[in-house]
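Text of protein36.pdb (PDB, C-alpha atoms) as supplied:
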```
ATOM      1  CA  MET H 284     -83.333  83.640 -26.413
ATOM      2  CA  PHE H 285     -84.932  82.358 -23.207
ATOM      3  CA  ALA H 286     -84.404  78.728 -24.266
ATOM      4  CA  THR H 287     -80.618  79.218 -24.184
ATOM      5  CA  SER H 288     -80.519  81.643 -21.223
ATOM      6  CA  THR H 289     -78.861  81.203 -17.822
ATOM      7  CA  GLN H 290     -82.334  81.745 -16.373
ATOM      8  CA  MET H 291     -83.579  78.593 -18.080
ATOM      9  CA  LYS H 292     -80.400  76.646 -17.286
ATOM     10  CA  ASN H 293     -79.685  77.706 -13.697
ATOM     11  CA  TRP H 294     -82.675  79.450 -12.160
ATOM     12  CA  LEU H 295     -85.779  77.396 -12.944
ATOM     13  CA  PHE H 296     -86.744  74.768 -10.378
ATOM     14  CA  SER H 297     -89.215  71.900 -10.602
ATOM     15  CA  GLY H 298     -91.599  73.375  -8.036
ATOM     16  CA  GLU H 299     -92.105  74.622  -4.513
ATOM     17  CA  THR H 300     -90.868  71.340  -3.009
ATOM     18  CA  GLU H 301     -87.426  71.689  -4.607
ATOM     19  CA  LEU H 302     -87.245  75.357  -3.633
ATOM     20  CA  ALA H 303     -88.123  74.519  -0.025
ATOM     21  CA  LYS H 304     -85.385  71.854  -0.014
ATOM     22  CA  CYS H 305     -82.741  74.339  -1.242
ATOM     23  CA  ARG H 306     -83.798  76.981   1.281
ATOM     24  CA  THR H 307     -83.787  74.458   4.106
ATOM     25  CA  GLU H 308     -80.263  73.408   3.138
ATOM     26  CA  ALA H 309     -79.115  77.056   3.293
ATOM     27  CA  ASN H 310     -80.772  77.431   6.708
ATOM     28  CA  THR H 311     -79.197  74.197   8.013
ATOM     29  CA  LEU H 312     -75.734  75.118   6.721
ATOM     30  CA  TYR H 313     -75.789  78.515   8.446
ATOM     31  CA  ILE H 314     -76.931  77.008  11.755
ATOM     32  CA  SER H 315     -74.353  74.211  11.630
ATOM     33  CA  ASN H 316     -71.601  76.802  11.172
ATOM     34  CA  LYS H 317     -72.826  79.035  14.012
ATOM     35  CA  ARG H 318     -74.388  76.784  16.664
ATOM     36  CA  LYS H 319     -71.123  75.788  18.412
ATOM     37  CA  ASN H 320     -72.112  73.857  21.574
ATOM     38  CA  MET H 321     -75.823  74.709  21.556
ATOM     39  CA  THR H 322     -78.372  72.007  22.267
ATOM     40  CA  ASP H 323     -81.101  71.328  19.713
ATOM     41  CA  GLN H 324     -83.583  73.104  21.975
ATOM     42  CA  GLU H 325     -81.355  76.186  22.187
ATOM     43  CA  VAL H 326     -80.893  76.142  18.413
ATOM     44  CA  ALA H 327     -84.659  76.061  17.845
ATOM     45  CA  SER H 328     -85.249  79.091  20.055
ATOM     46  CA  TYR H 329     -82.220  81.109  18.890
ATOM     47  CA  PHE H 330     -82.045  80.650  15.100
ATOM     48  CA  LEU H 331     -84.707  81.219  12.456
ATOM     49  CA  THR H 332     -86.539  78.200  11.084
ATOM     50  CA  PRO H 333     -86.945  77.757   7.299
ATOM     51  CA  LEU H 334     -90.584  78.858   7.679
ATOM     52  CA  GLU H 335     -89.557  82.016   9.551
ATOM     53  CA  GLU H 336     -87.029  82.788   6.833
ATOM     54  CA  LYS H 337     -89.747  82.428   4.205
ATOM     55  CA  ILE H 338     -92.017  84.790   6.180
ATOM     56  CA  LEU H 339     -89.242  87.387   6.389
ATOM     57  CA  SER H 340     -88.373  87.110   2.690
ATOM     58  CA  ARG H 341     -92.051  87.528   1.734
ATOM     59  CA  GLN H 342     -92.336  90.616   3.924
ATOM     60  CA  TYR H 343     -89.268  92.221   2.352
ATOM     61  CA  GLU H 344     -90.594  91.439  -1.116
ATOM     62  CA  VAL H 345     -93.636  93.551  -0.182
ATOM     63  CA  VAL H 346     -91.311  96.322   1.025
ATOM     64  CA  LEU H 347     -89.284  96.053  -2.203
ATOM     65  CA  ARG H 348     -92.374  96.444  -4.377
ATOM     66  CA  LYS H 349     -93.568  99.438  -2.338
ATOM     67  CA  PHE H 350     -90.135 101.064  -2.611
ATOM     68  CA  CYS H 351     -90.131 100.548  -6.400
ATOM     69  CA  ALA H 352     -93.705 101.859  -6.748
ATOM     70  CA  GLU H 353     -92.787 105.099  -4.965
ATOM     71  CA  PHE H 354     -89.365 105.483  -6.600
ATOM     72  CA  GLN H 355     -88.473 108.697  -8.415
ATOM     73  CA  PRO H 356     -87.995 108.868 -11.318
ATOM     74  CA  PRO H 357     -90.811 106.351 -12.015
ATOM     75  CA  MET H 358     -89.434 102.841 -12.436
ATOM     76  CA  PRO H 359     -90.262 100.597 -15.440
ATOM     77  CA  LYS H 360     -91.991  97.282 -14.712
ATOM     78  CA  CYS H 361     -89.001  95.331 -15.992
ATOM     79  CA  VAL H 362     -86.806  96.826 -13.250
ATOM     80  CA  ILE H 363     -89.302  95.763 -10.578
ATOM     81  CA  GLY H 364     -89.515  92.256 -12.039
ATOM     82  CA  THR H 365     -85.731  91.921 -12.267
ATOM     83  CA  SER H 366     -85.260  93.256  -8.711
ATOM     84  CA  LEU H 367     -87.622  90.627  -7.332
ATOM     85  CA  ALA H 368     -86.051  87.885  -9.457
ATOM     86  CA  PHE H 369     -82.612  88.761  -8.050
ATOM     87  CA  PHE H 370     -83.986  88.795  -4.500
ATOM     88  CA  LYS H 371     -85.751  85.434  -4.859
ATOM     89  CA  ARG H 372     -82.732  83.813  -6.506
ATOM     90  CA  PHE H 373     -80.373  85.079  -3.798
ATOM     91  CA  TYR H 374     -82.355  83.524  -0.954
ATOM     92  CA  ILE H 375     -82.687  80.132  -2.611
ATOM     93  CA  HIS H 376     -79.106  79.286  -1.620
ATOM     94  CA  ASN H 377     -78.447  81.883   1.096
ATOM     95  CA  SER H 378     -79.929  82.406   4.541
ATOM     96  CA  ASN H 379     -81.617  85.568   5.804
ATOM     97  CA  MET H 380     -79.457  85.091   8.890
ATOM     98  CA  ASP H 381     -76.255  85.322   6.844
ATOM     99  CA  TYR H 382     -77.318  88.358   4.812
ATOM    100  CA  HIS H 383     -80.031  90.667   6.135
ATOM    101  CA  PRO H 384     -82.824  91.046   3.539
ATOM    102  CA  LYS H 385     -82.915  94.820   4.116
ATOM    103  CA  ASP H 386     -79.391  95.179   2.687
ATOM    104  CA  ILE H 387     -79.885  92.656  -0.122
ATOM    105  CA  MET H 388     -83.281  94.123  -1.110
ATOM    106  CA  LEU H 389     -81.864  97.592  -1.802
ATOM    107  CA  THR H 390     -78.834  96.161  -3.573
ATOM    108  CA  CYS H 391     -81.114  94.051  -5.817
ATOM    109  CA  VAL H 392     -83.034  97.148  -6.878
ATOM    110  CA  TYR H 393     -79.863  99.163  -7.499
ATOM    111  CA  LEU H 394     -78.312  96.356  -9.576
ATOM    112  CA  ALA H 395     -81.564  95.811 -11.513
ATOM    113  CA  CYS H 396     -81.592  99.511 -12.472
ATOM    114  CA  LYS H 397     -78.194  99.020 -14.091
ATOM    115  CA  VAL H 398     -79.011  95.705 -15.759
ATOM    116  CA  GLU H 399     -82.265  97.028 -17.261
ATOM    117  CA  GLU H 400     -80.527 100.220 -18.467
ATOM    118  CA  PHE H 401     -82.473 102.431 -16.095
ATOM    119  CA  TYR H 402     -79.293 103.606 -14.464
ATOM    120  CA  VAL H 403     -79.672 105.912 -11.492
ATOM    121  CA  PRO H 404     -76.514 107.255  -9.758
ATOM    122  CA  ILE H 405     -76.173 106.020  -6.188
ATOM    123  CA  GLY H 406     -76.592 109.566  -4.831
ATOM    124  CA  GLN H 407     -79.923 109.953  -6.601
ATOM    125  CA  PHE H 408     -80.943 106.392  -5.717
ATOM    126  CA  VAL H 409     -80.611 106.896  -1.947
ATOM    127  CA  LYS H 410     -82.611 110.143  -2.100
ATOM    128  CA  ASN H 411     -85.605 107.780  -2.258
ATOM    129  CA  LEU H 412     -84.729 106.503   1.231
ATOM    130  CA  ARG H 413     -85.392 108.025   4.622
ATOM    131  CA  GLY H 414     -82.564 108.078   7.141
ATOM    132  CA  ASP H 415     -78.781 108.121   6.828
ATOM    133  CA  ARG H 416     -78.393 108.152   3.036
ATOM    134  CA  GLU H 417     -74.618 107.956   3.105
ATOM    135  CA  LYS H 418     -74.847 104.808   5.211
ATOM    136  CA  PHE H 419     -77.383 103.306   2.780
ATOM    137  CA  ALA H 420     -75.125 104.102  -0.169
ATOM    138  CA  ASP H 421     -72.096 102.481   1.498
ATOM    139  CA  ALA H 422     -74.095  99.331   2.312
ATOM    140  CA  ILE H 423     -75.518  99.005  -1.209
ATOM    141  CA  LEU H 424     -72.136  99.429  -2.866
ATOM    142  CA  SER H 425     -70.427  97.046  -0.438
ATOM    143  CA  PHE H 426     -73.000  94.278  -1.080
ATOM    144  CA  GLU H 427     -73.222  94.754  -4.863
ATOM    145  CA  LEU H 428     -70.296  92.487  -5.718
ATOM    146  CA  THR H 429     -71.469  89.879  -3.196
ATOM    147  CA  LEU H 430     -74.921  89.865  -4.793
ATOM    148  CA  MET H 431     -73.510  89.423  -8.307
ATOM    149  CA  SER H 432     -71.218  86.643  -7.112
ATOM    150  CA  LYS H 433     -74.035  84.766  -5.334
ATOM    151  CA  LEU H 434     -76.115  85.045  -8.518
ATOM    152  CA  ASN H 435     -73.185  83.466 -10.396
ATOM    153  CA  TYR H 436     -73.134  86.649 -12.504
ATOM    154  CA  ASN H 437     -76.317  85.427 -14.229
ATOM    155  CA  LEU H 438     -77.801  88.913 -14.448
ATOM    156  CA  THR H 439     -80.074  88.694 -17.491
ATOM    157  CA  VAL H 440     -83.692  88.251 -16.416
ATOM    158  CA  HIS H 441     -86.518  87.477 -18.840
ATOM    159  CA  ASN H 442     -89.716  88.979 -17.398
ATOM    160  CA  PRO H 443     -93.289  88.015 -18.420
ATOM    161  CA  PHE H 444     -94.332  91.561 -19.392
ATOM    162  CA  ARG H 445     -93.099  91.390 -22.994
ATOM    163  CA  PRO H 446     -94.704  87.972 -23.716
ATOM    164  CA  LEU H 447     -97.957  89.363 -22.293
ATOM    165  CA  GLU H 448     -97.979  92.094 -24.940
ATOM    166  CA  GLY H 449     -97.146  89.526 -27.604
ATOM    167  CA  PHE H 450    -100.056  87.259 -26.655
ATOM    168  CA  LEU H 451    -102.542  90.154 -26.649
ATOM    169  CA  ILE H 452    -101.411  91.231 -30.134
ATOM    170  CA  ASP H 453    -101.593  87.629 -31.376
ATOM    171  CA  ILE H 454    -105.130  87.184 -30.024
ATOM    172  CA  LYS H 455    -106.250  90.408 -31.719
ATOM    173  CA  THR H 456    -104.803  89.118 -34.988
ATOM    174  CA  HIS H 457    -106.148  85.560 -34.941
ATOM    175  CA  CYS H 458    -109.308  85.733 -32.848
ATOM    176  CA  LYS H 459    -111.530  88.275 -34.606
ATOM    177  CA  GLU H 460    -114.573  86.827 -32.836
ATOM    178  CA  ILE H 461    -113.296  88.226 -29.528
ATOM    179  CA  GLN H 462    -114.502  91.787 -29.236
ATOM    180  CA  ASN H 463    -112.290  94.353 -27.514
ATOM    181  CA  VAL H 464    -109.356  92.148 -26.516
ATOM    182  CA  GLU H 465    -107.966  95.029 -24.446
ATOM    183  CA  ARG H 466    -110.540  94.338 -21.720
ATOM    184  CA  ILE H 467    -108.450  91.264 -20.857
ATOM    185  CA  ARG H 468    -105.405  93.437 -20.134
ATOM    186  CA  ARG H 469    -106.420  94.796 -16.718
ATOM    187  CA  HIS H 470    -107.070  91.347 -15.248
ATOM    188  CA  ALA H 471    -103.930  89.912 -16.884
ATOM    189  CA  GLU H 472    -101.760  92.716 -15.505
ATOM    190  CA  GLU H 473    -103.246  92.198 -12.040
ATOM    191  CA  PHE H 474    -102.302  88.529 -12.364
ATOM    192  CA  MET H 475     -98.758  89.528 -13.421
ATOM    193  CA  GLU H 476     -98.539  91.826 -10.414
ATOM    194  CA  ARG H 477     -99.644  89.059  -8.079
ATOM    195  CA  SER H 478     -97.229  86.612  -9.684
ATOM    196  CA  LEU H 479     -94.365  88.822  -8.488
ATOM    197  CA  GLN H 480     -95.369  87.976  -4.914
ATOM    198  CA  SER H 481     -95.031  84.245  -5.620
ATOM    199  CA  ASP H 482     -92.179  81.937  -6.656
ATOM    200  CA  ALA H 483     -93.555  81.708 -10.192
ATOM    201  CA  CYS H 484     -90.495  83.375 -11.774
ATOM    202  CA  VAL H 485     -88.174  80.631 -10.459
ATOM    203  CA  ILE H 486     -90.477  77.770 -11.475
ATOM    204  CA  PHE H 487     -92.049  78.756 -14.820
ATOM    205  CA  SER H 488     -90.893  80.401 -18.020
ATOM    206  CA  PRO H 489     -91.959  84.023 -18.678
ATOM    207  CA  SER H 490     -94.235  82.904 -21.525
ATOM    208  CA  GLN H 491     -96.009  80.370 -19.279
ATOM    209  CA  ILE H 492     -96.654  83.062 -16.650
ATOM    210  CA  ALA H 493     -97.827  85.520 -19.301
ATOM    211  CA  LEU H 494    -100.152  83.002 -21.001
ATOM    212  CA  ALA H 495    -101.582  81.996 -17.619
ATOM    213  CA  GLY H 496    -102.239  85.692 -16.976
ATOM    214  CA  VAL H 497    -103.980  86.153 -20.325
ATOM    215  CA  LYS H 498    -106.060  83.013 -19.790
ATOM    216  CA  PHE H 499    -106.984  84.216 -16.298
ATOM    217  CA  GLY H 500    -107.932  87.673 -17.643
ATOM    218  CA  ALA H 501    -110.024  86.180 -20.417
ATOM    219  CA  ALA H 502    -111.891  83.941 -17.973
ATOM    220  CA  LYS H 503    -112.691  86.991 -15.843
ATOM    221  CA  GLU H 504    -114.407  88.471 -18.921
ATOM    222  CA  GLY H 505    -116.230  85.216 -19.716
ATOM    223  CA  ILE H 506    -113.953  84.440 -22.669
ATOM    224  CA  SER H 507    -112.512  80.989 -23.372
ATOM    225  CA  LEU H 508    -109.046  80.858 -24.954
ATOM    226  CA  ASP H 509    -109.017  77.078 -25.419
ATOM    227  CA  ARG H 510    -109.460  77.349 -29.193
ATOM    228  CA  TYR H 511    -106.672  79.929 -29.445
ATOM    229  CA  ILE H 512    -104.263  77.801 -27.409
ATOM    230  CA  LYS H 513    -105.055  74.463 -29.109
ATOM    231  CA  ASN H 514    -105.723  75.496 -32.707
ATOM    232  CA  ILE H 515    -103.518  78.558 -33.175
ATOM    233  CA  LEU H 516    -100.806  78.898 -30.560
ATOM    234  CA  MET H 517    -100.033  75.156 -30.466
ATOM    235  CA  LYS H 518    -101.288  74.209 -33.924
ATOM    236  CA  THR H 519     -98.364  71.874 -34.692
ATOM    237  CA  ALA H 520     -98.037  70.406 -31.179
ATOM    238  CA  SER H 521     -99.122  66.905 -30.206
ATOM    239  CA  ASP H 522    -102.118  66.313 -27.943
ATOM    240  CA  LYS H 523     -99.699  65.384 -25.141
ATOM    241  CA  GLU H 524     -97.796  68.665 -25.534
ATOM    242  CA  VAL H 525    -101.022  70.649 -25.490
ATOM    243  CA  GLU H 526    -102.226  68.841 -22.372
ATOM    244  CA  ASN H 527     -98.889  69.450 -20.641
ATOM    245  CA  THR H 528     -99.066  73.162 -21.470
ATOM    246  CA  LEU H 529    -102.580  73.429 -20.058
ATOM    247  CA  TYR H 530    -101.403  71.572 -16.952
ATOM    248  CA  GLN H 531     -98.512  74.025 -16.475
ATOM    249  CA  LEU H 532    -100.932  76.956 -16.844
ATOM    250  CA  ARG H 533    -103.092  75.461 -14.090
ATOM    251  CA  ARG H 534     -99.982  75.128 -11.917
ATOM    252  CA  VAL H 535     -99.071  78.784 -12.489
ATOM    253  CA  LYS H 536    -102.578  79.876 -11.524
ATOM    254  CA  TYR H 537    -102.554  77.668  -8.416
ATOM    255  CA  ILE H 538     -99.205  79.035  -7.179
ATOM    256  CA  VAL H 539    -100.021  82.672  -7.952
ATOM    257  CA  LYS H 540    -103.487  82.575  -6.388
ATOM    258  CA  GLY H 541    -102.126  80.686  -3.378
ATOM    259  CA  VAL H 542    -100.028  83.629  -2.160
ATOM    260  CA  GLU H 543    -101.254  84.878   1.199
ATOM    261  CA  PRO H 544    -100.248  88.209   2.783
ATOM    262  CA  VAL H 545     -97.852  87.970   5.723
ATOM    263  CA  PRO H 546     -99.352  89.342   8.976
ATOM    264  CA  ARG H 547     -97.259  92.365   9.983
ATOM    265  CA  GLU H 548     -97.059  91.266  13.641
ATOM    266  CA  LEU H 549     -95.694  87.863  12.615
ATOM    267  CA  ALA H 550     -93.018  89.420  10.389
ATOM    268  CA  GLN H 551     -92.018  91.857  13.129
ATOM    269  CA  GLY H 552     -91.529  88.980  15.571
ATOM    270  CA  VAL H 553     -89.257  87.168  13.108
ATOM    271  CA  GLN H 554     -87.373  90.406  12.410
ATOM    272  CA  LYS H 555     -86.705  90.849  16.125
ATOM    273  CA  LYS H 556     -85.399  87.283  16.371
ATOM    274  CA  LEU H 557     -83.149  87.874  13.354
ATOM    275  CA  GLU H 558     -81.333  90.726  15.079
ATOM    276  CA  THR H 559     -79.864  88.300  17.629
ATOM    277  CA  CYS H 560     -78.856  85.485  15.259
ATOM    278  CA  ARG H 561     -77.715  87.360  12.152
ATOM    279  CA  ASN H 562     -74.128  87.109  10.930
ATOM    280  CA  GLN H 563     -72.347  90.127  12.414
ATOM    281  CA  GLU H 564     -69.599  89.819   9.798
ATOM    282  CA  ASN H 565     -72.191  90.924   7.223
ATOM    283  CA  ASN H 566     -73.789  93.591   9.423
ATOM    284  CA  PRO H 567     -72.634  97.100   8.353
ATOM    285  CA  ASP H 568     -73.429  98.386  11.870
ATOM    286  CA  SER H 569     -71.261  95.835  13.695
ATOM    287  CA  ASP H 570     -67.712  96.374  14.954
ATOM    288  CA  VAL H 571     -66.680  93.080  13.317
ATOM    289  CA  TYR H 572     -67.839  94.300   9.891
ATOM    290  CA  LYS H 573     -66.165  97.703  10.288
ATOM    291  CA  GLN H 574     -62.884  96.054  11.341
ATOM    292  CA  ARG H 575     -62.971  93.749   8.313
ATOM    293  CA  LEU H 576     -63.655  96.735   6.045
ATOM    294  CA  LEU H 577     -60.662  98.607   7.472
ATOM    295  CA  GLU H 578     -58.447  95.547   6.983
ATOM    296  CA  LYS H 579     -59.624  95.257   3.380
ATOM    297  CA  LEU H 580     -58.869  98.929   2.728
ATOM    298  CA  ASP H 581     -55.415  98.499   4.281
ATOM    299  CA  GLU H 582     -54.770  95.484   2.028
ATOM    300  CA  GLU H 583     -55.788  97.491  -1.058
ATOM    301  CA  GLU H 584     -53.521 100.342   0.008
ATOM    302  CA  ASP H 585     -50.607  97.925   0.494
ATOM    303  CA  MET H 586     -51.230  96.474  -2.986
ATOM    304  CA  LYS H 587     -51.180  99.973  -4.540
ATOM    305  CA  THR H 588     -47.907 100.756  -2.726
ATOM    306  CA  LYS H 589     -46.277  97.533  -3.988
ATOM    307  CA  VAL H 590     -47.384  98.277  -7.570
ATOM    308  CA  ASN H 591     -45.942 101.794  -7.400
ATOM    309  CA  ILE H 592     -42.636 100.457  -6.053
ATOM    310  CA  VAL H 593     -42.408  97.907  -8.870
TER     311      VAL H 593
END
```
Structure rendered as structure tokens:
Amino acid sequence: MFATSTQMKNWLFSGETELAKCRTEANTLYISNKRKNMTDQEVASYFLTPLEEKILSRQYEVVLRKFCAEFQPPMPKCVIGTSLAFFKRFYIHNSNMDYHPKDIMLTCVYLACKVEEFYVPIGQFVKNLRGDREKFADAILSFELTLMSKLNYNLTVHNPFRPLEGFLIDIKTHCKEIQNVERIRRHAEEFMERSLQSDACVIFSPSQIALAGVKFGAAKEGISLDRYIKNILMKTASDKEVENTLYQLRRVKYIVKGVEPVPRELAQGVQKKLETCRNQENNPDSDVYKQRLLEKLDEEEDMKTKVNIV
């Protein structure tokens, strides 16, 4: 199913270079629409740079994972994976300055709950948040359609958790010489967890991420899976195909292990800068946003009146 999915067709990129290019284009487009008569020096000090946007997105991914980990009722891994996939996809072609990651983060989680059939009513969902819950609920519901639209309604996400289970079962079946295959699981799951912090899900297929995790876990236990990969998993593949697969697994490991935590002070500085340059039309607290919402409600009311008259 993955081979014919929208994930494969629309949401896998060649690598971090292509992703950086797309994100830079989104950043440049927002600035060009908002800079007016600013000089280049004023633009540099007022708007976020692509690097600052990446820092902010990474920080909110950490917040998203923490929110999901503490969520009640307990959230399945697939919901967490899908939430993060939505969030990462959204900010490939959209700027943090246009849509605040705080609003999009919560909407991603809420939408993922629905998509993964872990539906939680909005009232129960916002009970997991501190603060004005009614305000949170309004923001989530108002951004839900925007999120789906920006994702091109490609809402099915294939996560690496199921392939991970499949590989472990397959190894137990075909590699009898490996004692207690389950000891690989802990390391592999830690790798999966760390992969969620990286861009792996928008570069590699779920099976590549899962196999890289299993290979990483096996290595931690002093086990080589080369024979399994070459002689069993890819028994009918050519030498070139096998070598390419091993190369992709090395790439996955490199990207996942290369993730560095974002210093809190750095993220806070970027967050402060964002408050001045964010799009007020997409800020639920702004007068501009509230006015637009009222106009939209008036338009809907007028439409209902016309229908009733007809």
Next on the checklist: I need the output of the PyMOL selection byres ((chain H and resi 336) around 12) for this file as a PyMOL selection string; which residues are they?
Outcome noted: chain H and resi 303+306-307+309-311+330-335+337-343+374-375+377-384+549-550+552-554+556-557+561
Item to check | Near-Val398 of chain H list (12 Å; only C-alpha atoms; drop same-chain fewer than 6 positions) as a VMD selection string | outcome: chain H and resid 361 to 366 369 391 to 392 431 436 to 441
Item to check | Counting only C-alpha atoms, the residue of H:Met358, H:Leu577, H:Cys396, H:Ala501 that sits nearest Leu451 of chain H | outcome: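 The shortest atom-to-atom distance to Leu451 of chain H comes from H:Ala501.
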Checklist entry - Which protein, DNA or RNA residues have an atom at most 10 Å from (-102.2, 79.2, -18.9), counting only C-alpha atoms? List them as an MDAnalysis selection string. => result chainID H and resid 490:499 508:509 512 528:536
Checklist entry - So what do you get for atom CA of Met517 of chain H versus atom CA of Ala368 of chain H, distance-wise? => result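 Atom CA of Ala368 of chain H lies at a distance of 28.3 Å from atom CA of Met517 of chain H.
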Next on the checklist: Once the PyMOL selection byres ((chain H and resi 390) around 10) is applied to the coordinates I shared, what remains selected? I want it as an NGL selection string.
Outcome noted: :H and (366 or 369-370 or 384-389 or 391-396 or 419-420 or 422-431)
Checklist entry - Quick one: of H:Ile405, H:Ile314, H:Val542, H:Ala502, who's nearest to Cys560 of chain H, counting all atoms listed in the file? => result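 Looking at the shortest contact to Cys560 of chain H, the residue is H:Ile314.
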Checklist outcome for this item: Between atom CA of Lys540 of chain H and atom CA of Arg477 of chain H lies a distance of 7.7 Å
Next on the checklist: Report, in Å to a single decimal, how far apart atom CA of Gly500 of chain H and atom CA of Pro446 of chain H are.
Outcome noted: 14.6 Å
Checklist entry - Closest to Phe408 of chain H among H:Tyr511, H:Phe285, H:Phe354, H:Trp294, using all atoms listed in the file? => result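 That would be H:Phe354, the residue with the smallest distance to Phe408 of chain H.
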Checklist outcome for this item: Between H:Leu312, H:Ala483, H:Val409, H:Cys458, smallest distance to Gly541 of chain H by only C-alpha atoms belongs to H:Ala483
If the PyMOL selection byres ((chain H and resi 296) around 12) is run on the structure shown, which residues does it catch, given as an mmCIF file with C-alpha atoms, keeping the file's coordinate frame?
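Contents of the output file expr_27.cif:
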```cif
data_model
loop_
_atom_site.group_PDB
_atom_site.id
_atom_site.type_symbol
_atom_site.label_atom_id
_atom_site.label_comp_id
_atom_site.auth_asym_id
_atom_site.auth_seq_id
_atom_site.Cartn_x
_atom_site.Cartn_y
_atom_site.Cartn_z
ATOM 1 C CA GLN H 290 -82.334 81.745 -16.373
ATOM 2 C CA MET H 291 -83.579 78.593 -18.080
ATOM 3 C CA LYS H 292 -80.400 76.646 -17.286
ATOM 4 C CA ASN H 293 -79.685 77.706 -13.697
ATOM 5 C CA TRP H 294 -82.675 79.450 -12.160
ATOM 6 C CA LEU H 295 -85.779 77.396 -12.944
ATOM 7 C CA SER H 297 -89.215 71.900 -10.602
ATOM 8 C CA GLY H 298 -91.599 73.375 -8.036
ATOM 9 C CA GLU H 299 -92.105 74.622 -4.513
ATOM 10 C CA THR H 300 -90.868 71.340 -3.009
ATOM 11 C CA GLU H 301 -87.426 71.689 -4.607
ATOM 12 C CA LEU H 302 -87.245 75.357 -3.633
ATOM 13 C CA ALA H 303 -88.123 74.519 -0.025
ATOM 14 C CA LYS H 304 -85.385 71.854 -0.014
ATOM 15 C CA CYS H 305 -82.741 74.339 -1.242
ATOM 16 C CA ARG H 372 -82.732 83.813 -6.506
ATOM 17 C CA ILE H 375 -82.687 80.132 -2.611
ATOM 18 C CA ASP H 482 -92.179 81.937 -6.656
ATOM 19 C CA ALA H 483 -93.555 81.708 -10.192
ATOM 20 C CA CYS H 484 -90.495 83.375 -11.774
ATOM 21 C CA VAL H 485 -88.174 80.631 -10.459
ATOM 22 C CA ILE H 486 -90.477 77.770 -11.475
ATOM 23 C CA PHE H 487 -92.049 78.756 -14.820
ATOM 24 C CA SER H 488 -90.893 80.401 -18.020
#
```
Checklist entry - Taking only C-alpha atoms into account, which of H:Pro357, H:Phe350, H:Ile454, H:Glu400 comes nearest Arg413 of chain H? => result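 So, comparing all the options, the nearest one is H:Phe350.
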Item to check | Residue nearest Phe444 of chain H - candidates H:Met475, H:Leu412, H:Met321, H:Leu367, atoms counted: all atoms listed in the file | outcome: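 Checking each of H:Met475, H:Leu412, H:Met321, H:Leu367 against Phe444 of chain H, counting all atoms listed in the file, the winner is H:Met475.
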Could you write segment 515-524 of chain H as a PDB file, keeping the file's coordinate frame, with N, CA, C and O atoms rebuilt where they are missing?
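This went into selection-v8.pdb:
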```pdb
ATOM      1  N   ILE H 515    -104.353  77.495 -32.589  1.00  0.00           N
ATOM      2  CA  ILE H 515    -103.518  78.558 -33.175  1.00  0.00           C
ATOM      3  C   ILE H 515    -102.127  78.570 -32.541  1.00  0.00           C
ATOM      4  O   ILE H 515    -101.126  78.380 -33.227  1.00  0.00           O
ATOM      5  N   LEU H 516    -102.099  78.784 -31.242  1.00  0.00           N
ATOM      6  CA  LEU H 516    -100.806  78.898 -30.560  1.00  0.00           C
ATOM      7  C   LEU H 516    -100.014  77.588 -30.634  1.00  0.00           C
ATOM      8  O   LEU H 516     -98.803  77.594 -30.833  1.00  0.00           O
ATOM      9  N   MET H 517    -100.710  76.458 -30.466  1.00  0.00           N
ATOM     10  CA  MET H 517    -100.033  75.156 -30.466  1.00  0.00           C
ATOM     11  C   MET H 517    -100.544  74.282 -31.611  1.00  0.00           C
ATOM     12  O   MET H 517    -100.734  73.069 -31.459  1.00  0.00           O
ATOM     13  N   LYS H 518    -100.711  74.880 -32.756  1.00  0.00           N
ATOM     14  CA  LYS H 518    -101.288  74.209 -33.924  1.00  0.00           C
ATOM     15  C   LYS H 518    -100.514  72.959 -34.336  1.00  0.00           C
ATOM     16  O   LYS H 518    -101.107  71.943 -34.724  1.00  0.00           O
ATOM     17  N   THR H 519     -99.181  73.003 -34.232  1.00  0.00           N
ATOM     18  CA  THR H 519     -98.364  71.874 -34.692  1.00  0.00           C
ATOM     19  C   THR H 519     -97.959  70.938 -33.545  1.00  0.00           C
ATOM     20  O   THR H 519     -97.228  69.967 -33.768  1.00  0.00           O
ATOM     21  N   ALA H 520     -98.421  71.227 -32.342  1.00  0.00           N
ATOM     22  CA  ALA H 520     -98.037  70.406 -31.179  1.00  0.00           C
ATOM     23  C   ALA H 520     -98.899  69.151 -31.091  1.00  0.00           C
ATOM     24  O   ALA H 520    -100.027  69.105 -31.601  1.00  0.00           O
ATOM     25  N   SER H 521     -98.375  68.138 -30.420  1.00  0.00           N
ATOM     26  CA  SER H 521     -99.122  66.905 -30.206  1.00  0.00           C
ATOM     27  C   SER H 521    -100.145  67.128 -29.093  1.00  0.00           C
ATOM     28  O   SER H 521    -100.055  68.092 -28.328  1.00  0.00           O
ATOM     29  N   ASP H 522    -101.098  66.214 -29.007  1.00  0.00           N
ATOM     30  CA  ASP H 522    -102.118  66.313 -27.943  1.00  0.00           C
ATOM     31  C   ASP H 522    -101.459  66.291 -26.561  1.00  0.00           C
ATOM     32  O   ASP H 522    -101.890  66.989 -25.639  1.00  0.00           O
ATOM     33  N   LYS H 523    -100.399  65.483 -26.422  1.00  0.00           N
ATOM     34  CA  LYS H 523     -99.699  65.384 -25.141  1.00  0.00           C
ATOM     35  C   LYS H 523     -99.041  66.714 -24.778  1.00  0.00           C
ATOM     36  O   LYS H 523     -99.069  67.148 -23.616  1.00  0.00           O
ATOM     37  N   GLU H 524     -98.449  67.374 -25.773  1.00  0.00           N
ATOM     38  CA  GLU H 524     -97.796  68.665 -25.534  1.00  0.00           C
ATOM     39  C   GLU H 524     -98.824  69.727 -25.155  1.00  0.00           C
ATOM     40  O   GLU H 524     -98.579  70.558 -24.265  1.00  0.00           O
TER      41      GLU H 524
END
```
